[in-house]
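K.L.:
Supplied in structure tokens, the structure appears directly below.
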Amino acid sequence: MSAARAMMVGGLALAACGQPDPCKDVEGTCLAVEIDSSAVERIDQLELDVLAGDIHGTTSTQPPGGGAVALPLVTAIELGGMAEGELAVGVVAAGKLGGTVLGTGAASTTVTAGSHATLSIELAPPGDCVAGGHYCGGDKLAGDASTLYQCNGGGVPIARGACAYGCIVRPTQDDVCRGGGGTCVEGGYYCGGDKVDGDPQTLYRCERGVGVAGTPCANGCVVAPPREDDYCR
Amino acid sequence: MRVLVLSFGLVAAVTALGPGAARADDVRRAALVHLDRGVAAFRAGDFARAHRELLAAHELAPDKPNPYRWLALTEIQLGDCASALVHIEGFLARVRAGDPRIAEMTRWRELCRRTGVLRVDTSPGAATLRIDGALVGTAPYRSLSMREGRHTVVAEKRGYQPVSRAITVEAGREIDLHLELPAARTPITQRWWFWPAIGAAVVTTAAVVYVAADRDPAELPPIRCDDAGCRP
């Protein structure tokens with residue numbers, strides 16, 4: 001099933017269930033997110049990590065007036081500044097109660113600029129990832145299997161970036177995005193996942209075909225056109 | 001001729017006396033038969049029959065003391081001290097001083113003089129009665145020889161709550177006791193409305209759970225994401 005059809009089916013399902021549409025008053029691009037869980041009953045804070053192309057951010061939303069609410073619940077993610085066309089959106093959610101993460105979950109879809117889409121996330125007890133470590137989604141933390149995340153011990157896993165050529169699970173080291181799109185040029189600089197294995201927010205130097213001496217990019221790593229070095233934003 | 005007249009006179013005299021004497025003997029024998037039957041019935045524990053036989057003996061031989069005695073003893077067994085006292089007095093009036101049975105009768109007389117009469121009926125009827133813990137029969141009940149003093153009467157009947165009443169019997173007095181037994185409290189699980197109520201509660205709970213489960217999900221405020229990141 002294509003992402004567009006999935007969105008349509010999801011939207012129809014949401015409407016058929018008579019659930020409120022959190023995007024109904026949004027004119028631009030909007031993602032209606034439904035959060036449910038068989039393991040978590042109530043939360044007082046929902047933390048979301050959103051990765052949609054160049055858009056990446058982590059924030060939280062809470063019930064108006066405070067207090068806890070029972071699942072399921074819905075919220076909206078309004079995506080601004082989107083270029084025309086379709087965009088893959090990955091969302092990781094963490095349900096908290098009293099500051100403690102009770103469950104995490106992730107889902108991804110594709111949204112067309114200016115339209116609405118629906119995403120359902122099932123919260124499950126958080127995995128046993130090591131805080132600060134990098135993990136592919138599904139490897140000890142919730143997330144998209146083709147996205148590399150940083151384990152956030154007290155909250156939602158934070159996306160490091162989508163792995164265009166897949167995410168490599170490494171049992172004894174941080175997981176990394178697989179390098180693809182050709183081989184690296186000796187001495188050139190590359191973001192992780194762009195021709196060298198690594199973290200998408202780290203800039204590596206190509207040495208004998210692999211990325212070495214990685215330098216973390218505080219504001220993200222930008223993949224440059226061919227024959228140009230990638231660079232930190 | 002004189003001899004003939006005398007002979008006729010003797011015959012006439014014998015004839016005149018003979019039937020009366022013979023009838024008296026018959027009566028005495030009949031009284032004895034009734035007395036013997038009465039005593040046998042008494043000893044067999046059939047006091048009602050004993051009383052009938054002894055009354056018959058007493059009517060046939062009203063001057064004889066023994067039927068009085070046996071009547072008194074029987075009436076004591078039947079719980080009728082009032083009648084027993086009459087017959088005890090009749091017996092004592094007809095025996096010679098020194099009769100060994102006098103002591104027995106005077107002892108019974110003293111005992112009977114220290115009793116009262118108790119009548120108990122119940123609503124509903126036919127309740128089982130216990131007096132001082134001993135089963136005495138079913139209502140209506142009458143005791144003509146309730147010993148004076150305090151007693152506890154309990155009436156019980158299936159389907160009703162037992163009723164207990166304390167009474168004080170005074171010698172020579174009568175007590176009429178009426179006990180009303182309230183309907184027994186049916187256990188809550190056996191009351192007609194219990195299971196329908198449980199069913200209604202289950203249905204209501206299920207409906208509430210269903211409605212709660214089917215209610216609209218809570219809606220959290222949206223977040224906004226753009227090139228600068230995400231924020232509430």
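In the structure tokens, each chain is lettered A, B, ... as it comes, each chain's residues begin at 1, and ligands are numbered from 1 in order of appearance.
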If you count only C-alpha atoms, which residues fall within 6 Å of range 150-157 of chain A, apart from same-chain ones fewer than 4 positions away, as a CSV table (one decimal) with N, CA and C atoms, in the first residue's frame?
P.N.:
chain,number,residue,atom,x,y,z
A,47,GLU,N,5.7,13.7,24.4
A,47,GLU,CA,6.9,14.3,23.8
A,47,GLU,C,7.0,13.7,22.4
A,93,ALA,N,7.2,9.2,19.5
A,93,ALA,CA,6.5,9.7,20.6
A,93,ALA,C,6.9,9.0,21.9
A,94,ALA,N,6.8,9.8,22.9
A,94,ALA,CA,7.1,9.2,24.3
A,94,ALA,C,6.0,9.8,25.2
A,131,ALA,N,21.4,5.8,27.3
A,131,ALA,CA,21.3,7.2,27.1
A,131,ALA,C,22.5,7.7,26.3
A,132,GLY,N,22.3,8.5,25.3
A,132,GLY,CA,23.4,9.1,24.5
A,132,GLY,C,23.8,8.2,23.4
A,133,GLY,N,23.5,6.9,23.4
A,133,GLY,CA,23.9,6.0,22.3
A,133,GLY,C,23.0,6.2,21.1
A,134,HIS,N,23.6,5.8,20.0
A,134,HIS,CA,22.9,5.9,18.7
A,134,HIS,C,22.3,4.5,18.3
K.L.:
Pull out every residue of chain A sitting within 9 Å of chain B, counting only C-alpha atoms, and send them as a PyMOL selection string.
P.N.:
chain A and resi 17-23+34+46+48-50+54-64+69-82
K.L.:
Please, could you write that set of residues out with C-alpha atoms as a PDB file, in the first residue's frame?
P.N.:
ATOM      1  CA  CYS A  17     -14.652   6.284  14.155  1.00  0.00           C
ATOM      2  CA  GLY A  18     -16.089   9.699  14.798  1.00  0.00           C
ATOM      3  CA  GLN A  19     -12.872  10.843  16.415  1.00  0.00           C
ATOM      4  CA  PRO A  20     -12.087  14.514  16.490  1.00  0.00           C
ATOM      5  CA  ASP A  21      -9.834  15.700  13.703  1.00  0.00           C
ATOM      6  CA  PRO A  22      -7.100  17.782  15.310  1.00  0.00           C
ATOM      7  CA  CYS A  23      -6.164  19.134  11.865  1.00  0.00           C
ATOM      8  CA  GLU A  34      -3.404   9.323  17.224  1.00  0.00           C
ATOM      9  CA  LEU A  46       3.456  13.719  25.151  1.00  0.00           C
ATOM     10  CA  LEU A  48       7.349  14.152  20.022  1.00  0.00           C
ATOM     11  CA  ASP A  49      10.398  14.001  17.818  1.00  0.00           C
ATOM     12  CA  VAL A  50       9.549  14.945  14.247  1.00  0.00           C
ATOM     13  CA  ASP A  54      15.141  19.169   6.642  1.00  0.00           C
ATOM     14  CA  ILE A  55      12.614  19.775   9.356  1.00  0.00           C
ATOM     15  CA  HIS A  56      13.629  18.245  12.629  1.00  0.00           C
ATOM     16  CA  GLY A  57      12.599  19.101  16.116  1.00  0.00           C
ATOM     17  CA  THR A  58      11.679  17.701  19.474  1.00  0.00           C
ATOM     18  CA  THR A  59       8.991  19.191  21.663  1.00  0.00           C
ATOM     19  CA  SER A  60       6.164  18.215  23.926  1.00  0.00           C
ATOM     20  CA  THR A  61       2.490  18.949  24.374  1.00  0.00           C
ATOM     21  CA  GLN A  62       0.422  18.677  27.491  1.00  0.00           C
ATOM     22  CA  PRO A  63      -3.287  18.605  28.356  1.00  0.00           C
ATOM     23  CA  PRO A  64      -4.695  22.108  28.674  1.00  0.00           C
ATOM     24  CA  VAL A  69      -5.424  12.202  30.327  1.00  0.00           C
ATOM     25  CA  ALA A  70      -6.356   8.704  29.363  1.00  0.00           C
ATOM     26  CA  LEU A  71      -5.266   7.200  26.098  1.00  0.00           C
ATOM     27  CA  PRO A  72      -6.151   7.194  23.309  1.00  0.00           C
ATOM     28  CA  LEU A  73      -5.560  10.805  22.460  1.00  0.00           C
ATOM     29  CA  VAL A  74      -4.962  12.852  19.365  1.00  0.00           C
ATOM     30  CA  THR A  75      -2.863  15.822  18.520  1.00  0.00           C
ATOM     31  CA  ALA A  76      -1.751  17.635  15.435  1.00  0.00           C
ATOM     32  CA  ILE A  77       1.644  18.327  13.948  1.00  0.00           C
ATOM     33  CA  GLU A  78       1.524  21.384  11.760  1.00  0.00           C
ATOM     34  CA  LEU A  79       4.351  21.395   9.238  1.00  0.00           C
ATOM     35  CA  GLY A  80       5.348  24.809   8.027  1.00  0.00           C
ATOM     36  CA  GLY A  81       7.781  25.851   5.353  1.00  0.00           C
ATOM     37  CA  MET A  82       7.339  22.715   3.289  1.00  0.00           C
TER      38      MET A  82
END
K.L.:
If you run DSSP on the backbone, which residues of range 21-180 of chain A are strand (DSSP E), as JSON, numbers by chain?
P.N.:
{"A": [29, 30, 31, 32, 33, 34, 35, 36, 42, 43, 45, 46, 47, 48, 49, 50, 51, 52, 55, 56, 57, 58, 59, 60, 61, 69, 70, 73, 74, 75, 76, 77, 78, 79, 86, 87, 88, 89, 90, 91, 92, 93, 94, 95, 96, 97, 100, 101, 102, 103, 104, 105, 106, 107, 108, 109, 110, 111, 112, 116, 117, 118, 119, 120, 121, 122, 134, 135, 136, 147, 148, 149, 150, 158, 159, 160, 161, 162, 167, 168, 176, 177]}
K.L.:
Print the selection's residues with C-alpha atoms to a file, as a PDB file, in the first residue's frame.
P.N.:
ATOM      1  CA  THR A  29       0.180  20.766   5.931  1.00  0.00           C
ATOM      2  CA  CYS A  30      -0.917  18.873   8.978  1.00  0.00           C
ATOM      3  CA  LEU A  31      -0.420  15.468  10.426  1.00  0.00           C
ATOM      4  CA  ALA A  32      -3.123  14.140  12.744  1.00  0.00           C
ATOM      5  CA  VAL A  33      -1.450  11.838  15.240  1.00  0.00           C
ATOM      6  CA  GLU A  34      -3.404   9.323  17.224  1.00  0.00           C
ATOM      7  CA  ILE A  35      -1.659   7.915  20.286  1.00  0.00           C
ATOM      8  CA  ASP A  36      -2.877   4.721  21.866  1.00  0.00           C
ATOM      9  CA  ARG A  42      -2.692   7.752  31.262  1.00  0.00           C
ATOM     10  CA  ILE A  43      -0.079  10.336  30.526  1.00  0.00           C
ATOM     11  CA  GLN A  45       2.876  14.829  28.709  1.00  0.00           C
ATOM     12  CA  LEU A  46       3.456  13.719  25.151  1.00  0.00           C
ATOM     13  CA  GLU A  47       6.912  14.263  23.776  1.00  0.00           C
ATOM     14  CA  LEU A  48       7.349  14.152  20.022  1.00  0.00           C
ATOM     15  CA  ASP A  49      10.398  14.001  17.818  1.00  0.00           C
ATOM     16  CA  VAL A  50       9.549  14.945  14.247  1.00  0.00           C
ATOM     17  CA  LEU A  51      11.790  14.360  11.294  1.00  0.00           C
ATOM     18  CA  ALA A  52      10.478  15.526   7.942  1.00  0.00           C
ATOM     19  CA  ILE A  55      12.614  19.775   9.356  1.00  0.00           C
ATOM     20  CA  HIS A  56      13.629  18.245  12.629  1.00  0.00           C
ATOM     21  CA  GLY A  57      12.599  19.101  16.116  1.00  0.00           C
ATOM     22  CA  THR A  58      11.679  17.701  19.474  1.00  0.00           C
ATOM     23  CA  THR A  59       8.991  19.191  21.663  1.00  0.00           C
ATOM     24  CA  SER A  60       6.164  18.215  23.926  1.00  0.00           C
ATOM     25  CA  THR A  61       2.490  18.949  24.374  1.00  0.00           C
ATOM     26  CA  VAL A  69      -5.424  12.202  30.327  1.00  0.00           C
ATOM     27  CA  ALA A  70      -6.356   8.704  29.363  1.00  0.00           C
ATOM     28  CA  LEU A  73      -5.560  10.805  22.460  1.00  0.00           C
ATOM     29  CA  VAL A  74      -4.962  12.852  19.365  1.00  0.00           C
ATOM     30  CA  THR A  75      -2.863  15.822  18.520  1.00  0.00           C
ATOM     31  CA  ALA A  76      -1.751  17.635  15.435  1.00  0.00           C
ATOM     32  CA  ILE A  77       1.644  18.327  13.948  1.00  0.00           C
ATOM     33  CA  GLU A  78       1.524  21.384  11.760  1.00  0.00           C
ATOM     34  CA  LEU A  79       4.351  21.395   9.238  1.00  0.00           C
ATOM     35  CA  GLU A  86       5.594  14.824  -0.939  1.00  0.00           C
ATOM     36  CA  LEU A  87       7.655  14.547   2.170  1.00  0.00           C
ATOM     37  CA  ALA A  88       8.411  11.525   4.351  1.00  0.00           C
ATOM     38  CA  VAL A  89       7.640  12.263   7.968  1.00  0.00           C
ATOM     39  CA  GLY A  90       8.882  10.200  10.854  1.00  0.00           C
ATOM     40  CA  VAL A  91       7.481  10.757  14.323  1.00  0.00           C
ATOM     41  CA  VAL A  92       8.681   9.260  17.545  1.00  0.00           C
ATOM     42  CA  ALA A  93       6.455   9.724  20.594  1.00  0.00           C
ATOM     43  CA  ALA A  94       7.068   9.247  24.284  1.00  0.00           C
ATOM     44  CA  GLY A  95       4.234   9.274  26.801  1.00  0.00           C
ATOM     45  CA  LYS A  96       5.226  10.608  30.201  1.00  0.00           C
ATOM     46  CA  LEU A  97       3.547  10.680  33.546  1.00  0.00           C
ATOM     47  CA  THR A 100       8.737   9.306  33.713  1.00  0.00           C
ATOM     48  CA  VAL A 101       8.546   7.811  30.260  1.00  0.00           C
ATOM     49  CA  LEU A 102       5.875   5.121  30.368  1.00  0.00           C
ATOM     50  CA  GLY A 103       5.907   4.228  26.721  1.00  0.00           C
ATOM     51  CA  THR A 104       7.435   5.103  23.393  1.00  0.00           C
ATOM     52  CA  GLY A 105       6.384   4.490  19.837  1.00  0.00           C
ATOM     53  CA  ALA A 106       7.099   5.616  16.330  1.00  0.00           C
ATOM     54  CA  ALA A 107       5.534   5.716  12.915  1.00  0.00           C
ATOM     55  CA  SER A 108       6.179   7.329   9.610  1.00  0.00           C
ATOM     56  CA  THR A 109       4.167   8.372   6.616  1.00  0.00           C
ATOM     57  CA  THR A 110       4.267  10.598   3.628  1.00  0.00           C
ATOM     58  CA  VAL A 111       2.466  13.879   3.494  1.00  0.00           C
ATOM     59  CA  THR A 112       1.848  16.114   0.512  1.00  0.00           C
ATOM     60  CA  HIS A 116      -3.547  16.481   5.836  1.00  0.00           C
ATOM     61  CA  ALA A 117      -2.455  13.015   6.786  1.00  0.00           C
ATOM     62  CA  THR A 118      -2.974  10.708   9.694  1.00  0.00           C
ATOM     63  CA  LEU A 119      -0.518   8.761  11.770  1.00  0.00           C
ATOM     64  CA  SER A 120      -1.212   6.197  14.477  1.00  0.00           C
ATOM     65  CA  ILE A 121       1.370   5.490  17.128  1.00  0.00           C
ATOM     66  CA  GLU A 122       1.165   2.678  19.645  1.00  0.00           C
ATOM     67  CA  HIS A 134      22.861   5.902  18.693  1.00  0.00           C
ATOM     68  CA  TYR A 135      20.362   3.290  17.603  1.00  0.00           C
ATOM     69  CA  CYS A 136      18.464   2.406  14.526  1.00  0.00           C
ATOM     70  CA  THR A 147      16.280   6.310  10.858  1.00  0.00           C
ATOM     71  CA  LEU A 148      19.116   6.679  13.306  1.00  0.00           C
ATOM     72  CA  TYR A 149      18.164   7.953  16.752  1.00  0.00           C
ATOM     73  CA  GLN A 150      19.930   9.073  19.855  1.00  0.00           C
ATOM     74  CA  ILE A 158      15.810  12.054  19.136  1.00  0.00           C
ATOM     75  CA  ALA A 159      16.243  11.451  15.448  1.00  0.00           C
ATOM     76  CA  ARG A 160      19.781  11.946  14.165  1.00  0.00           C
ATOM     77  CA  GLY A 161      18.565  11.635  10.646  1.00  0.00           C
ATOM     78  CA  ALA A 162      16.997   9.411   8.066  1.00  0.00           C
ATOM     79  CA  CYS A 167      20.520   1.764   9.133  1.00  0.00           C
ATOM     80  CA  ILE A 168      23.126  -0.686  10.410  1.00  0.00           C
ATOM     81  CA  VAL A 176      25.070   3.996  12.050  1.00  0.00           C
ATOM     82  CA  CYS A 177      23.507   4.922   8.758  1.00  0.00           C
TER      83      CYS A 177
END
K.L.:
Go ahead and compute the interatomic distance for CA of Thr122 in chain B and CA of His178 in chain B, in Å to one decimal.
P.N.:
5.5 Å
K.L.:
Excluding Arg109 in chain B and its own-chain neighbours fewer than 5 positions away, which residues fall within 12 Å of it when counting only C-alpha atoms? Please give them as a compact mmCIF listing (two decimals) with C-alpha atoms, in the first residue's frame.
P.N.:
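Ended up saving to out.txt:
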# COMPACT_ATOMS: atom_id res chain seq x y z
CA ARG B 69 -56.62 -40.56 93.35
CA ALA B 72 -55.80 -36.64 90.16
CA LEU B 73 -52.61 -38.43 89.11
CA GLU B 75 -54.79 -34.94 85.45
CA ILE B 76 -51.42 -33.97 86.82
CA CYS B 81 -53.63 -29.14 88.08
CA ALA B 82 -56.89 -27.29 88.61
CA SER B 83 -58.93 -30.47 88.11
CA ALA B 84 -56.32 -32.52 89.94
CA LEU B 85 -56.72 -30.35 93.01
CA VAL B 86 -60.47 -31.03 93.05
CA HIS B 87 -59.90 -34.74 92.85
CA ILE B 88 -57.12 -34.68 95.42
CA GLU B 89 -59.52 -33.01 97.85
CA GLY B 90 -62.14 -35.63 96.98
CA PHE B 91 -59.68 -38.39 97.67
CA LEU B 92 -58.50 -36.94 100.97
CA ILE B 102 -52.36 -39.38 101.90
CA ALA B 103 -48.74 -38.20 101.92
CA GLU B 104 -48.46 -38.66 98.16
CA ARG B 114 -47.86 -23.58 93.20
CA THR B 115 -48.86 -23.57 89.53
CA SER B 145 -49.90 -26.64 85.75
K.L.:
Extract, using only C-alpha atoms, all DNA, RNA and protein residues at most 9 Å from Gly214 in chain A, discarding same-chain residues fewer than 4 positions from it, and format them as an MDAnalysis selection string.
P.N.:
chainID A and resid 191:192 198:199 202:205
K.L.:
For Arg227 in chain A, please output as a list in words all residues within 12 Å (counting only C-alpha atoms; exclusion window: fewer than 6 positions along the same chain).
P.N.:
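Final neighbour list, sorted by chain and number: Gly182, Thr183, Cys184, Val185, Glu186, Gly187, Gly188, Tyr189 and Tyr190 of chain A.
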K.L.:
May I have the selected residues written with N, CA and C atoms, as a PDB file, in the first residue's frame?
P.N.:
ATOM      1  N   GLY A 182      27.679   5.602  -3.896  1.00  0.00           N
ATOM      2  CA  GLY A 182      29.020   5.620  -4.466  1.00  0.00           C
ATOM      3  C   GLY A 182      30.070   5.487  -3.388  1.00  0.00           C
ATOM      4  N   THR A 183      31.317   5.537  -3.784  1.00  0.00           N
ATOM      5  CA  THR A 183      32.407   5.445  -2.811  1.00  0.00           C
ATOM      6  C   THR A 183      32.947   6.841  -2.550  1.00  0.00           C
ATOM      7  N   CYS A 184      33.484   6.994  -1.368  1.00  0.00           N
ATOM      8  CA  CYS A 184      33.973   8.321  -0.989  1.00  0.00           C
ATOM      9  C   CYS A 184      35.325   8.592  -1.679  1.00  0.00           C
ATOM     10  N   VAL A 185      35.590   9.836  -1.871  1.00  0.00           N
ATOM     11  CA  VAL A 185      36.855  10.254  -2.461  1.00  0.00           C
ATOM     12  C   VAL A 185      37.845  10.481  -1.335  1.00  0.00           C
ATOM     13  N   GLU A 186      39.026   9.881  -1.491  1.00  0.00           N
ATOM     14  CA  GLU A 186      40.041   9.981  -0.438  1.00  0.00           C
ATOM     15  C   GLU A 186      40.265  11.445  -0.061  1.00  0.00           C
ATOM     16  N   GLY A 187      40.183  11.715   1.252  1.00  0.00           N
ATOM     17  CA  GLY A 187      40.412  13.064   1.760  1.00  0.00           C
ATOM     18  C   GLY A 187      39.190  13.946   1.737  1.00  0.00           C
ATOM     19  N   GLY A 188      38.140  13.479   1.118  1.00  0.00           N
ATOM     20  CA  GLY A 188      36.907  14.285   1.087  1.00  0.00           C
ATOM     21  C   GLY A 188      36.149  14.185   2.401  1.00  0.00           C
ATOM     22  N   TYR A 189      35.185  15.113   2.560  1.00  0.00           N
ATOM     23  CA  TYR A 189      34.387  15.134   3.787  1.00  0.00           C
ATOM     24  C   TYR A 189      32.936  14.754   3.467  1.00  0.00           C
ATOM     25  N   TYR A 190      32.427  13.942   4.356  1.00  0.00           N
ATOM     26  CA  TYR A 190      31.081  13.399   4.092  1.00  0.00           C
ATOM     27  C   TYR A 190      30.262  13.314   5.392  1.00  0.00           C
TER      28      TYR A 190
END
K.L.:
Using CA of Gly127 in chain A and CA of Gly98 in chain A as the two end points, give the distance in Å to one decimal.
P.N.:
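Between CA of Gly127 in chain A and CA of Gly98 in chain A the gap is 18.8 Å.
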K.L.:
Determine, counting only C-alpha atoms, which protein, DNA and RNA residues have an atom within 8 Å of an atom of range 26-39 of chain B; residues of the same chain fewer than 2 positions away are not included. Present the result as a ChimeraX atom specification.
P.N.:
/B:22-24,41-43,49-54,56-58,60-61,67,70
K.L.:
Selected residues, C-alpha atoms, written as a compact mmCIF listing (two decimals), in the first residue's frame, please.
P.N.:
# COMPACT_ATOMS: atom_id res chain seq x y z
CA ALA B 22 -77.17 -57.98 91.92
CA ARG B 23 -77.20 -54.56 90.16
CA ALA B 24 -74.98 -53.03 92.83
CA ALA B 41 -53.74 -46.98 80.39
CA PHE B 42 -52.04 -44.64 82.89
CA ARG B 43 -49.15 -47.04 83.24
CA ARG B 49 -57.71 -42.91 77.66
CA ALA B 50 -56.85 -43.38 81.31
CA HIS B 51 -58.80 -40.25 82.12
CA ARG B 52 -61.88 -41.50 80.24
CA GLU B 53 -61.80 -44.87 82.00
CA LEU B 54 -61.20 -43.34 85.39
CA ALA B 56 -66.29 -43.79 84.07
CA ALA B 57 -65.15 -45.61 87.19
CA HIS B 58 -65.68 -42.50 89.26
CA LEU B 60 -70.10 -45.62 88.73
CA ALA B 61 -68.53 -45.48 92.20
CA PRO B 67 -60.78 -43.26 91.31
CA TRP B 70 -56.03 -41.98 89.91
K.L.:
Which of these, A:Asp197, A:Cys217, A:Asp44, A:Glu228, has the shortest distance to Ala68 in chain A once you count only C-alpha atoms?
P.N.:
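With only C-alpha atoms as the atom set, the closest residue is A:Asp44.
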K.L.:
Mind checking which residues fall within 7 Å of Arg165 in chain B, counting only C-alpha atoms, ignoring those fewer than 5 positions away in the same chain, and posting them as a ChimeraX atom specification?
P.N.:
/B:152-154
K.L.:
Could you save the residues just selected, with C-alpha atoms, as a PDB file, in the first residue's frame?
P.N.:
ATOM      1  CA  THR B 152     -39.303 -18.196  78.588  1.00  0.00           C
ATOM      2  CA  VAL B 153     -41.659 -19.138  75.807  1.00  0.00           C
ATOM      3  CA  VAL B 154     -40.260 -19.388  72.283  1.00  0.00           C
TER       4      VAL B 154
END
K.L.:
Can you list every residue in range 15-226 of chain B that DSSP puts in helix (DSSP H, G or I), as a PyMOL selection string?
P.N.:
chain B and resi 15-43+47-60+65-77+81-94+101-113+188-190+194-214
